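Peer 1: Data: target18.cif, mmCIF, C-alpha atoms (C1' of nucleotides).
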```
data_entry
#
loop_
_atom_site.label_atom_id
_atom_site.label_comp_id
_atom_site.auth_asym_id
_atom_site.auth_seq_id
_atom_site.Cartn_x
_atom_site.Cartn_y
_atom_site.Cartn_z
CA MET A 1 42.37 -11.31 -15.88
CA MET A 2 42.32 -10.39 -12.24
CA VAL A 3 39.10 -9.00 -10.91
CA ALA A 4 38.39 -8.19 -7.31
CA ALA A 5 40.72 -10.56 -5.56
CA ASP A 6 40.69 -8.01 -2.80
CA GLY A 7 37.61 -7.34 -0.65
CA THR A 8 36.05 -5.15 -3.29
CA GLY A 9 33.71 -7.62 -4.91
CA SER A 10 32.76 -7.56 -8.57
CA MET A 11 30.26 -5.01 -9.72
CA ALA A 12 27.65 -7.72 -10.19
CA ALA A 13 28.17 -8.93 -6.65
CA GLU A 14 27.94 -5.40 -5.35
CA ILE A 15 24.70 -4.84 -7.16
CA ALA A 16 23.32 -8.05 -5.76
CA ARG A 17 24.21 -7.00 -2.26
CA PHE A 18 22.73 -3.58 -2.72
CA ARG A 19 19.51 -5.05 -3.97
CA ARG A 20 19.32 -7.60 -1.24
CA PHE A 21 19.58 -4.86 1.30
CA ASN A 22 16.62 -3.11 -0.24
CA ARG A 23 14.56 -6.25 -0.16
CA VAL A 24 15.47 -7.05 3.39
CA TYR A 25 14.88 -3.55 4.55
CA THR A 26 11.51 -3.11 2.88
CA ARG A 27 10.50 -6.36 4.46
CA TYR A 28 11.71 -5.14 7.79
CA LEU A 29 9.73 -1.96 7.38
CA GLY A 30 6.63 -3.90 6.51
CA THR A 31 6.17 -2.15 3.20
CA LEU A 32 4.09 -4.97 1.83
CA ARG A 33 1.41 -4.96 4.42
CA GLU A 34 0.39 -1.41 5.07
CA GLY A 35 -2.16 -1.20 7.82
CA MET A 36 -2.37 -4.93 8.25
CA HIS A 37 -1.44 -4.79 11.87
CA SER A 38 -3.48 -1.69 12.14
CA SER A 39 -1.65 0.93 14.00
CA GLU A 40 -3.76 3.93 14.63
CA PHE A 41 -2.72 5.73 11.47
CA PRO A 42 -1.57 4.36 8.16
CA LEU A 43 1.97 5.26 7.32
CA ALA A 44 1.08 8.07 4.94
CA GLU A 45 -1.05 9.76 7.56
CA ALA A 46 1.50 9.27 10.26
CA ARG A 47 4.14 10.85 8.11
CA VAL A 48 1.91 13.81 7.37
CA LEU A 49 1.39 14.26 11.06
CA TYR A 50 5.11 14.08 11.52
CA GLU A 51 5.76 16.75 8.94
CA MET A 52 3.16 18.97 10.52
CA ALA A 53 4.57 18.49 13.96
CA THR A 54 8.13 19.22 12.97
CA ARG A 55 7.60 22.34 10.94
CA GLU A 56 7.16 25.87 12.01
CA ALA A 57 4.38 26.81 9.65
CA PRO A 58 3.59 23.82 7.53
CA ARG A 59 2.05 24.25 4.14
CA SER A 60 0.47 21.62 2.00
CA ALA A 61 2.89 21.99 -0.87
CA GLU A 62 5.89 21.63 1.39
CA ILE A 63 4.59 18.43 2.86
CA ALA A 64 3.71 17.03 -0.52
CA VAL A 65 7.26 17.63 -1.68
CA ALA A 66 8.82 16.34 1.50
CA LEU A 67 6.89 13.12 1.28
CA ASP A 68 6.74 12.89 -2.48
CA MET A 69 3.03 12.54 -2.23
CA ASP A 70 0.19 13.37 -4.59
CA ALA A 71 -1.31 16.77 -3.76
CA GLY A 72 -4.87 15.56 -4.11
CA TYR A 73 -4.27 12.66 -1.84
CA LEU A 74 -2.67 14.90 0.70
CA SER A 75 -5.55 17.31 0.48
CA ARG A 76 -7.94 14.54 1.39
CA ILE A 77 -5.82 13.41 4.28
CA LEU A 78 -5.74 16.94 5.56
CA LYS A 79 -9.47 17.22 5.20
CA LYS A 80 -9.93 14.05 7.15
CA PHE A 81 -7.61 15.34 9.85
CA GLU A 82 -9.57 18.54 9.98
CA GLU A 83 -12.80 16.62 10.40
CA LYS A 84 -11.24 14.63 13.17
CA GLY A 85 -10.17 17.85 14.79
CA LEU A 86 -6.45 17.18 14.47
CA VAL A 87 -5.65 19.99 12.12
CA ARG A 88 -6.72 23.54 11.57
CA ARG A 89 -6.53 25.15 8.17
CA LYS A 90 -6.97 28.79 7.50
CA ALA A 91 -6.23 30.87 4.46
CA SER A 92 -3.11 32.91 4.74
CA LYS A 93 -3.63 36.64 5.00
CA ARG A 94 -0.70 37.19 2.69
CA ASP A 95 -1.77 34.84 -0.02
CA ALA A 96 -5.31 33.62 0.07
CA ARG A 97 -4.43 30.56 -1.97
CA VAL A 98 -2.24 29.01 0.61
CA ALA A 99 -3.69 27.32 3.62
CA GLU A 100 -1.81 27.79 6.82
CA LEU A 101 -1.82 24.48 8.57
CA ALA A 102 -1.52 23.80 12.23
CA LEU A 103 -2.01 20.88 14.53
CA THR A 104 -4.62 21.35 17.18
CA ALA A 105 -3.98 20.23 20.73
CA LYS A 106 -5.69 17.01 19.81
CA GLY A 107 -3.49 16.70 16.76
CA ARG A 108 -0.39 17.23 18.82
CA ALA A 109 -1.60 14.60 21.25
CA ALA A 110 -2.18 12.14 18.43
CA PHE A 111 1.26 12.84 17.09
CA ARG A 112 2.85 12.46 20.47
CA LYS A 113 1.33 9.05 20.80
CA LEU A 114 2.70 7.95 17.46
CA ASP A 115 5.99 9.53 18.21
CA ASP A 116 6.24 7.75 21.51
CA GLY A 117 5.46 4.48 19.81
CA ALA A 118 8.21 5.04 17.28
CA GLU A 119 10.62 6.05 20.00
CA GLU A 120 9.75 2.98 21.96
CA GLN A 121 10.25 0.75 18.99
CA ALA A 122 13.56 2.30 18.13
CA ARG A 123 14.64 1.99 21.72
CA ALA A 124 13.71 -1.66 21.75
CA THR A 125 15.74 -2.37 18.64
CA LEU A 126 18.75 -0.39 19.74
CA GLY A 127 18.46 -1.54 23.30
CA GLY A 128 19.02 -5.14 22.36
CA LEU A 129 22.32 -4.33 20.85
CA GLY A 130 25.28 -3.42 22.99
CA ALA A 131 27.05 -0.11 22.70
CA GLY A 132 29.54 -1.25 20.12
CA ALA A 133 27.06 -2.69 17.67
CA ARG A 134 24.88 0.33 18.20
CA VAL A 135 27.59 2.73 17.27
CA GLU A 136 28.39 0.68 14.21
CA LEU A 137 24.76 0.52 13.19
CA LEU A 138 24.21 4.22 13.55
CA HIS A 139 27.38 4.89 11.69
CA ALA A 140 26.25 2.64 8.88
CA MET A 141 22.89 4.34 8.73
CA GLN A 142 24.40 7.76 8.61
CA LEU A 143 26.62 6.70 5.79
CA ILE A 144 23.79 5.29 3.74
CA GLU A 145 21.69 8.30 4.48
CA ARG A 146 24.29 10.65 3.15
CA ILE A 147 24.47 8.73 -0.08
CA VAL A 148 20.80 8.22 -0.50
CA ALA A 149 19.16 11.33 0.88
CA PRO A 150 20.13 13.72 -1.87
CA ASP A 151 18.68 11.42 -4.50
CA PRO A 152 15.20 12.60 -5.39
CA GLU A 153 14.57 9.95 -8.01
CA PRO A 154 11.71 7.58 -7.54
CA LYS A 155 13.04 4.08 -7.06
CA ALA A 156 10.60 2.01 -8.98
CA TYR A 157 12.34 -1.28 -8.59
CA VAL A 158 12.94 -2.53 -5.12
CA LEU A 159 13.58 -5.99 -6.23
CA MET B 1 27.88 14.58 34.71
CA MET B 2 29.72 13.68 31.56
CA VAL B 3 27.70 11.93 28.93
CA ALA B 4 28.96 10.95 25.53
CA ALA B 5 31.75 13.38 25.04
CA ASP B 6 33.13 10.76 22.69
CA GLY B 7 31.45 9.86 19.42
CA THR B 8 28.95 7.60 21.10
CA GLY B 9 25.96 9.91 21.37
CA SER B 10 23.32 9.74 24.03
CA MET B 11 20.62 7.13 23.75
CA ALA B 12 18.11 9.79 22.77
CA ALA B 13 20.36 11.03 20.03
CA GLU B 14 20.92 7.51 18.82
CA ILE B 15 17.22 6.88 18.67
CA ALA B 16 16.72 10.06 16.72
CA ARG B 17 19.36 9.04 14.22
CA PHE B 18 17.92 5.59 13.86
CA ARG B 19 14.51 7.00 13.21
CA ARG B 20 15.73 9.56 10.77
CA PHE B 21 17.34 6.84 8.77
CA ASN B 22 14.06 5.01 8.52
CA ARG B 23 12.29 8.12 7.33
CA VAL B 24 14.93 8.96 4.80
CA TYR B 25 15.10 5.45 3.53
CA THR B 26 11.37 4.93 3.17
CA ARG B 27 11.28 8.17 1.28
CA TYR B 28 14.11 7.01 -0.90
CA LEU B 29 12.28 3.78 -1.61
CA GLY B 30 9.12 5.64 -2.49
CA THR B 31 7.04 3.86 0.07
CA LEU B 32 4.50 6.64 0.11
CA ARG B 33 3.60 6.56 -3.53
CA GLU B 34 3.11 3.01 -4.60
CA GLY B 35 2.48 2.80 -8.28
CA MET B 36 2.51 6.55 -8.78
CA HIS B 37 5.19 6.47 -11.40
CA SER B 38 3.66 3.34 -12.68
CA SER B 39 6.21 0.72 -13.27
CA GLU B 40 4.78 -2.30 -14.90
CA PHE B 41 3.99 -4.08 -11.65
CA PRO B 42 3.17 -2.70 -8.26
CA LEU B 43 5.73 -3.55 -5.66
CA ALA B 44 3.75 -6.38 -4.11
CA GLU B 45 3.39 -8.12 -7.45
CA ALA B 46 6.97 -7.55 -8.38
CA ARG B 47 8.08 -9.10 -5.15
CA VAL B 48 5.85 -12.10 -5.69
CA LEU B 49 7.41 -12.54 -9.09
CA TYR B 50 10.80 -12.30 -7.48
CA GLU B 51 10.01 -14.97 -4.95
CA MET B 52 8.70 -17.22 -7.65
CA ALA B 53 11.72 -16.70 -9.81
CA THR B 54 14.21 -17.38 -7.06
CA ARG B 55 12.74 -20.53 -5.62
CA GLU B 56 13.02 -24.05 -6.71
CA ALA B 57 9.41 -25.06 -6.22
CA PRO B 58 7.55 -22.09 -4.86
CA ARG B 59 4.44 -22.58 -2.83
CA SER B 60 1.92 -19.98 -1.88
CA ALA B 61 2.42 -20.31 1.83
CA GLU B 62 6.16 -19.89 1.54
CA ILE B 63 5.81 -16.71 -0.42
CA ALA B 64 3.23 -15.34 1.96
CA VAL B 65 5.60 -15.89 4.83
CA ALA B 66 8.61 -14.56 2.99
CA LEU B 67 6.80 -11.37 2.13
CA ASP B 68 4.64 -11.18 5.23
CA MET B 69 1.64 -10.87 3.01
CA ASP B 70 -2.02 -11.74 3.46
CA ALA B 71 -2.77 -15.15 1.98
CA GLY B 72 -5.98 -14.02 0.37
CA TYR B 73 -4.31 -11.09 -1.26
CA LEU B 74 -1.55 -13.29 -2.52
CA SER B 75 -4.06 -15.76 -3.87
CA ARG B 76 -5.63 -13.02 -5.94
CA ILE B 77 -2.31 -11.86 -7.24
CA LEU B 78 -1.50 -15.38 -8.25
CA LYS B 79 -4.83 -15.73 -9.95
CA LYS B 80 -4.22 -12.55 -11.86
CA PHE B 81 -0.80 -13.80 -12.87
CA GLU B 82 -2.32 -17.03 -14.02
CA GLU B 83 -4.87 -15.18 -16.11
CA LYS B 84 -2.11 -13.14 -17.64
CA GLY B 85 -0.27 -16.34 -18.41
CA LEU B 86 2.68 -15.61 -16.15
CA VAL B 87 2.15 -18.41 -13.72
CA ARG B 88 1.01 -21.98 -13.80
CA ARG B 89 -0.62 -23.60 -10.83
CA LYS B 90 -1.27 -27.24 -10.48
CA ALA B 91 -2.23 -29.31 -7.52
CA SER B 92 0.58 -31.28 -6.03
CA LYS B 93 0.35 -35.03 -6.52
CA ARG B 94 1.57 -35.51 -2.97
CA ASP B 95 -0.85 -33.20 -1.31
CA ALA B 96 -3.78 -32.01 -3.31
CA ARG B 97 -4.20 -28.99 -1.14
CA VAL B 98 -0.99 -27.38 -2.11
CA ALA B 99 -0.61 -25.71 -5.44
CA GLU B 100 2.71 -26.14 -7.12
CA LEU B 101 3.57 -22.84 -8.63
CA ALA B 102 5.77 -22.15 -11.57
CA LEU B 103 6.54 -19.23 -13.79
CA THR B 104 5.76 -19.74 -17.44
CA ALA B 105 8.19 -18.60 -20.09
CA LYS B 106 6.18 -15.41 -20.24
CA GLY B 107 6.40 -15.06 -16.50
CA ARG B 108 10.12 -15.52 -16.58
CA ALA B 109 10.35 -12.91 -19.28
CA ALA B 110 8.29 -10.47 -17.23
CA PHE B 111 10.50 -11.11 -14.26
CA ARG B 112 13.64 -10.67 -16.28
CA LYS B 113 12.44 -7.29 -17.39
CA LEU B 114 11.80 -6.19 -13.83
CA ASP B 115 15.02 -7.70 -12.71
CA ASP B 116 16.95 -5.90 -15.40
CA GLY B 117 15.31 -2.66 -14.38
CA ALA B 118 16.30 -3.19 -10.78
CA GLU B 119 19.81 -4.13 -11.80
CA GLU B 120 20.04 -1.07 -13.95
CA GLN B 121 18.85 1.14 -11.18
CA ALA B 122 21.23 -0.33 -8.68
CA ARG B 123 24.04 0.02 -11.16
CA ALA B 124 23.19 3.66 -11.70
CA THR B 125 23.25 4.37 -7.98
CA LEU B 126 26.43 2.46 -7.31
CA GLY B 127 28.04 3.63 -10.50
CA GLY B 128 27.96 7.23 -9.44
CA LEU B 129 29.98 6.48 -6.40
CA GLY B 130 33.63 5.64 -6.67
CA ALA B 131 35.03 2.36 -5.46
CA GLY B 132 35.77 3.55 -1.94
CA ALA B 133 32.34 4.92 -1.22
CA ARG B 134 30.82 1.86 -2.78
CA VAL B 135 32.69 -0.48 -0.54
CA GLU B 136 31.71 1.56 2.46
CA LEU B 137 28.08 1.64 1.42
CA LEU B 138 27.88 -2.07 0.85
CA HIS B 139 29.61 -2.68 4.09
CA ALA B 140 27.12 -0.47 5.88
CA MET B 141 24.22 -2.24 4.25
CA GLN B 142 25.52 -5.63 5.17
CA LEU B 143 25.89 -4.53 8.73
CA ILE B 144 22.36 -3.19 8.96
CA GLU B 145 21.04 -6.24 7.24
CA ARG B 146 22.59 -8.54 9.77
CA ILE B 147 20.97 -6.65 12.58
CA VAL B 148 17.63 -6.19 10.98
CA ALA B 149 17.04 -9.32 8.95
CA PRO B 150 16.47 -11.73 11.81
CA ASP B 151 13.79 -9.49 13.26
CA PRO B 152 10.41 -10.73 12.14
CA GLU B 153 8.42 -8.12 14.02
CA PRO B 154 6.23 -5.78 12.10
CA LYS B 155 7.56 -2.27 12.41
CA ALA B 156 4.42 -0.24 12.72
CA TYR B 157 6.05 3.08 13.33
CA VAL B 158 8.36 4.35 10.69
CA LEU B 159 8.23 7.83 11.93
"C1'" DC C 1 -12.62 -46.55 10.21
"C1'" DT C 2 -15.04 -42.46 11.00
"C1'" DA C 3 -15.45 -37.92 13.06
"C1'" DA C 4 -13.13 -33.83 14.52
"C1'" DT C 5 -9.28 -30.86 13.51
"C1'" DT C 6 -5.92 -28.76 11.04
"C1'" DT C 7 -3.78 -27.14 6.89
"C1'" DA C 8 -3.71 -24.83 2.33
"C1'" DC C 9 -5.69 -22.06 -0.28
"C1'" DT C 10 -9.83 -19.41 -2.41
"C1'" DT C 11 -13.70 -16.37 -2.44
"C1'" DG C 12 -17.06 -12.81 -1.04
"C1'" DA C 13 -17.68 -8.55 0.49
"C1'" DC C 14 -15.94 -4.65 1.48
"C1'" DT C 15 -12.94 -0.51 3.10
"C1'" DT C 16 -8.97 2.14 2.17
"C1'" DT C 17 -5.64 4.04 -0.55
"C1'" DA C 18 -4.07 6.30 -4.38
"C1'" DT C 19 -4.19 8.41 -9.01
"C1'" DC C 20 -5.18 11.71 -12.37
"C1'" DA C 21 -7.52 15.03 -14.61
"C1'" DA C 22 -10.61 18.85 -14.29
"C1'" DC C 23 -11.68 22.82 -11.66
"C1'" DT C 24 -11.73 27.12 -8.48
"C1'" DA C 25 -9.68 31.05 -7.12
"C1'" DA C 26 -5.99 33.94 -6.00
"C1'" DA C 27 -1.50 35.94 -7.41
"C1'" DT C 28 1.78 37.41 -10.82
"C1'" DC C 29 3.49 38.68 -15.30
"C1'" DG C 30 3.53 40.99 -19.73
"C1'" DC D 1 -6.24 44.41 -18.16
"C1'" DG D 2 -5.96 39.58 -19.95
"C1'" DA D 3 -3.01 35.48 -19.87
"C1'" DT D 4 -0.44 32.48 -16.97
"C1'" DT D 5 1.07 30.34 -13.11
"C1'" DT D 6 0.46 28.70 -8.55
"C1'" DA D 7 -2.14 26.50 -4.54
"C1'" DG D 8 -5.13 23.62 -3.37
"C1'" DT D 9 -9.71 20.94 -3.94
"C1'" DT D 10 -12.91 17.75 -6.12
"C1'" DG D 11 -14.95 14.11 -9.09
"C1'" DA D 12 -14.47 9.92 -10.78
"C1'" DT D 13 -12.42 5.73 -10.56
"C1'" DA D 14 -9.09 2.31 -10.07
"C1'" DA D 15 -6.31 -0.38 -7.51
"C1'" DA D 16 -4.84 -2.32 -3.04
"C1'" DG D 17 -5.46 -4.65 0.93
"C1'" DT D 18 -8.19 -6.84 4.71
"C1'" DC D 19 -10.77 -10.14 7.09
"C1'" DA D 20 -13.93 -13.60 7.66
"C1'" DA D 21 -16.21 -17.45 5.80
"C1'" DG D 22 -15.88 -21.34 2.79
"C1'" DT D 23 -14.01 -25.63 0.30
"C1'" DA D 24 -11.46 -29.53 0.19
"C1'" DA D 25 -7.71 -32.45 1.27
"C1'" DA D 26 -4.82 -34.39 4.96
"C1'" DT D 27 -3.98 -35.61 9.64
"C1'" DT D 28 -5.13 -36.97 14.20
"C1'" DA D 29 -8.01 -38.93 17.92
"C1'" DG D 30 -11.24 -41.95 19.55
#
```
Here is the file; what I need is its structure written in the form of structure tokens.

Peer 2:
Amino acid sequence: MMVAADGTGSMAAEIARFRRFNRVYTRYLGTLREGMHSSEFPLAEARVLYEMATREAPRSAEIAVALDMDAGYLSRILKKFEEKGLVRRKASKRDARVAELALTAKGRAAFRKLDDGAEEQARATLGGLGAGARVELLHAMQLIERIVAPDPEPKAYVL
Amino acid sequence: MMVAADGTGSMAAEIARFRRFNRVYTRYLGTLREGMHSSEFPLAEARVLYEMATREAPRSAEIAVALDMDAGYLSRILKKFEEKGLVRRKASKRDARVAELALTAKGRAAFRKLDDGAEEQARATLGGLGAGARVELLHAMQLIERIVAPDPEPKAYVL
DNA sequence: CTAATTTACTTGACTTTATCAACTAAATCG
DNA sequence: CGATTTAGTTGATAAAGTCAAGTAAATTAG
């Protein structure tokens, strides 16, 4: 029986490669040592800031969905941000249940700093690459993104 | 001035794409909700199990390096595993400082379960794809892996 | 050979993160 | 109106993760 004599690879081999990528990439992202090399904000907070900064009129529920994050947890983060003067919350006139969120100037500044850091880091990685490799890399990322982005399922097993 | 009228993209655009991939992928991996949909082991523990299961004679320091994980934290995880009967630790005859680690039968069983889950999950993702897309995806992953794997730097800013 | 250093890992002492259920309060539906 | 649903907050913990100090064995230097 002839299986995968071409470049296709057996299903088992494909699965192994897929999984290896996840391991390598989580390692690359530092998933296992949150905060260890303490950047100013832990990832969750940074991402909340990001969502706030890139939305017109951010609302808690939106952010929670976007980040797949517990609402209570998010609420506390937002409270903390408010105490630090990064975020303003005020009840919507329309619907008094919803809090209209906004970054303060200070919040925007904090975000900008993070954003610059991320930009810098990305630049450093891409910069060491050569135009060809860069194009390939970006192409690869876009491809993966298209496959993976629409999947809302929690991936419990990055192993 | 003509910039990137081909498919190349400006540097800024490339950076944006690179960063978006990281955001999408961390979301996909569920980085922001560790344990939320409680799988049997939190990611850190699962990965430790993985390292143990895939090494000949695992040692604590090796695993800590492989996973970029705090040694103290790892020590506790190992202790917990030992208490649960998943791991055996005994001092090396050679060097009494180093603990020779080994999975017990129970530990191997626990790993197998996780491993099967991961396999299953990977299979589900790949299975919904069609041979062509699958080949492309794996190819893309391999490419990214090659670029990213050798980089030991902690990526603080996935933003 | 002994004393200082280094290596390998463990422990104490916390701080942060994260979860989940219970709880207000406002809006909507029947 | 009363019953639900929706939005977000809180209490109560649990779990994760960090960092420094500590123990003990091995290595190195004098």

Peer 1: Kindly determine which residues of chain D lie within 8 Å of chain A, considering only C-alpha atoms (C1' of nucleotides), and give the answer as a ChimeraX atom specification.

Peer 2: /D:7-9,17-18

Peer 1: Within 12 Å of chain A, which residues belong to chain C? Use all atoms listed in the file and report them as a PDB file with C-alpha atoms (C1' of nucleotides), in the frame of the given file.

Peer 2:
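The new file out28.pdb reads:
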```
ATOM      1  C1'  DT C  15     -12.940  -0.510   3.100  1.00  0.00           C
ATOM      2  C1'  DT C  16      -8.970   2.140   2.170  1.00  0.00           C
ATOM      3  C1'  DT C  17      -5.640   4.040  -0.550  1.00  0.00           C
ATOM      4  C1'  DA C  18      -4.070   6.300  -4.380  1.00  0.00           C
ATOM      5  C1'  DT C  19      -4.190   8.410  -9.010  1.00  0.00           C
ATOM      6  C1'  DC C  20      -5.180  11.710 -12.370  1.00  0.00           C
ATOM      7  C1'  DA C  21      -7.520  15.030 -14.610  1.00  0.00           C
ATOM      8  C1'  DT C  24     -11.730  27.120  -8.480  1.00  0.00           C
ATOM      9  C1'  DA C  25      -9.680  31.050  -7.120  1.00  0.00           C
ATOM     10  C1'  DA C  26      -5.990  33.940  -6.000  1.00  0.00           C
ATOM     11  C1'  DA C  27      -1.500  35.940  -7.410  1.00  0.00           C
ATOM     12  C1'  DT C  28       1.780  37.410 -10.820  1.00  0.00           C
TER      13       DT C  28
END
```

Peer 1: Near stretch 141-151 of chain A, within 10 Å and counting all atoms listed in the file, which residues show up once chain neighbours fewer than 6 positions away are dropped, as a PDB file with C-alpha atoms, in the frame of the given file?

Peer 2:
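The resulting file, result.pdb, is reproduced below:
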```
ATOM      1  CA  VAL A 135      27.590   2.730  17.270  1.00  0.00           C
TER       2      VAL A 135
ATOM      3  CA  ARG B  17      19.360   9.040  14.220  1.00  0.00           C
ATOM      4  CA  PHE B  18      17.920   5.590  13.860  1.00  0.00           C
ATOM      5  CA  ARG B  19      14.510   7.000  13.210  1.00  0.00           C
ATOM      6  CA  ARG B  20      15.730   9.560  10.770  1.00  0.00           C
ATOM      7  CA  PHE B  21      17.340   6.840   8.770  1.00  0.00           C
ATOM      8  CA  ASN B  22      14.060   5.010   8.520  1.00  0.00           C
ATOM      9  CA  ARG B  23      12.290   8.120   7.330  1.00  0.00           C
ATOM     10  CA  VAL B  24      14.930   8.960   4.800  1.00  0.00           C
ATOM     11  CA  TYR B  25      15.100   5.450   3.530  1.00  0.00           C
ATOM     12  CA  ARG B  27      11.280   8.170   1.280  1.00  0.00           C
ATOM     13  CA  TYR B  28      14.110   7.010  -0.900  1.00  0.00           C
ATOM     14  CA  LEU B  29      12.280   3.780  -1.610  1.00  0.00           C
ATOM     15  CA  THR B 125      23.250   4.370  -7.980  1.00  0.00           C
ATOM     16  CA  LEU B 126      26.430   2.460  -7.310  1.00  0.00           C
ATOM     17  CA  LEU B 129      29.980   6.480  -6.400  1.00  0.00           C
ATOM     18  CA  ALA B 133      32.340   4.920  -1.220  1.00  0.00           C
ATOM     19  CA  ARG B 134      30.820   1.860  -2.780  1.00  0.00           C
ATOM     20  CA  GLU B 136      31.710   1.560   2.460  1.00  0.00           C
ATOM     21  CA  LEU B 137      28.080   1.640   1.420  1.00  0.00           C
ATOM     22  CA  LEU B 138      27.880  -2.070   0.850  1.00  0.00           C
ATOM     23  CA  HIS B 139      29.610  -2.680   4.090  1.00  0.00           C
ATOM     24  CA  ALA B 140      27.120  -0.470   5.880  1.00  0.00           C
ATOM     25  CA  MET B 141      24.220  -2.240   4.250  1.00  0.00           C
ATOM     26  CA  LEU B 143      25.890  -4.530   8.730  1.00  0.00           C
ATOM     27  CA  ILE B 144      22.360  -3.190   8.960  1.00  0.00           C
TER      28      ILE B 144
END
```

Peer 1: Out of A:Gly130, A:Ser10, A:Ala57, A:Gln121, which residue has the shortest atom-to-atom distance to chain B when counting all atoms listed in the file?

Peer 2: A:Gln121

Peer 1: Step by step, work through what the PyMOL selection byres ((chain B and resi 118) around 10) selects in the shown file, and finish by giving those residues as a list of chain:residue names.

Peer 2: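 With the shown file as input, the PyMOL selection byres ((chain B and resi 118) around 10) matches A:Ile15, A:Ala16, A:Arg19, A:Lys155, A:Ala156, A:Tyr157, A:Val158, A:Leu159, B:Arg112, B:Lys113, B:Leu114, B:Asp115, B:Asp116, B:Gly117, B:Glu119, B:Glu120, B:Gln121, B:Ala122, B:Arg123, B:Ala124.
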
Peer 1: From the options B:Gly132, B:Pro58, B:Gly85, B:Gly107, which residue's atoms come nearest to chain A, counting all atoms listed in the file?

Peer 2: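 Counting all atoms listed in the file, the residue closest to chain A is B:Gly132.
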
Peer 1: To one decimal place, how far is atom CA of A:Lys84 from atom CA of A:Leu43 in Å?

Peer 2: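 These two atoms are separated by 17.2 Å.
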
Peer 1: Translate the PyMOL selection byres ((chain D and resi 27) around 12), as applied to the file shown, into an explicit residue set as a PyMOL selection string.

Peer 2: (chain B and resi 95) or (chain C and resi 4-7) or (chain D and resi 25-26+28-29)

Peer 1: Using all atoms listed in the file, which of the listed residues (B:Lys80, B:Arg89, B:Arg94, B:Arg47) sits closest to chain A?

Peer 2: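 Of B:Lys80, B:Arg89, B:Arg94, B:Arg47, the one nearest chain A, counting all atoms listed in the file, is B:Arg47.
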
Peer 1: Counting all atoms listed in the file, find residues at most 12 Å from (-2.5, 26.7, 9.6) (file frame) and give them as a PyMOL selection string.

Peer 2: chain A and resi 52-53+55-60+78+82+86-93+98-104

Peer 1: Could you please determine the separation between atom C1' of D:DA24 and atom C1' of C:DA3 in Å, to one decimal place?

Peer 2: 15.9 Å

Peer 1: Rank B:Ala64, B:Ala46, B:Ala110, B:Ala13 by their smallest atom-to-atom distance to chain A, using only C-alpha atoms, and report the top residue only.

Peer 2: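 When distances to chain A are compared using only C-alpha atoms, the smallest one comes from B:Ala46.
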
Peer 1: Atom C1' of D:DA16 and atom CA of A:Ile63, how far apart in Å?

Peer 2: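 Computing it gives 23.5 Å between the two atoms.
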
Peer 1: Take the PyMOL selection byres ((chain C and resi 29) around 9), apply it to the structure above, and return the hits as a PyMOL selection string.

Peer 2: (chain C and resi 28+30) or (chain D and resi 3-5)

Peer 1: Do a neighbour search on C:DA13 at 10 Å with all atoms listed in the file, toss out local chain neighbours closer than 2 positions, and write the hits as JSON, numbers by chain.

Peer 2: {"C": [11, 15], "D": [19, 20]}

Peer 1: Just need the box for stretch 7-14 of chain D, edges along x, y and z, holding every atom the file lists for it with 6 Å tacked onto each side, so centre and edge lengths in Å to one decimal, as JSON.

Peer 2:
```
{"center_x": -8.5, "center_y": 14.4, "center_z": -7.1, "size_x": 24.8, "size_y": 36.2, "size_z": 19.4}
```
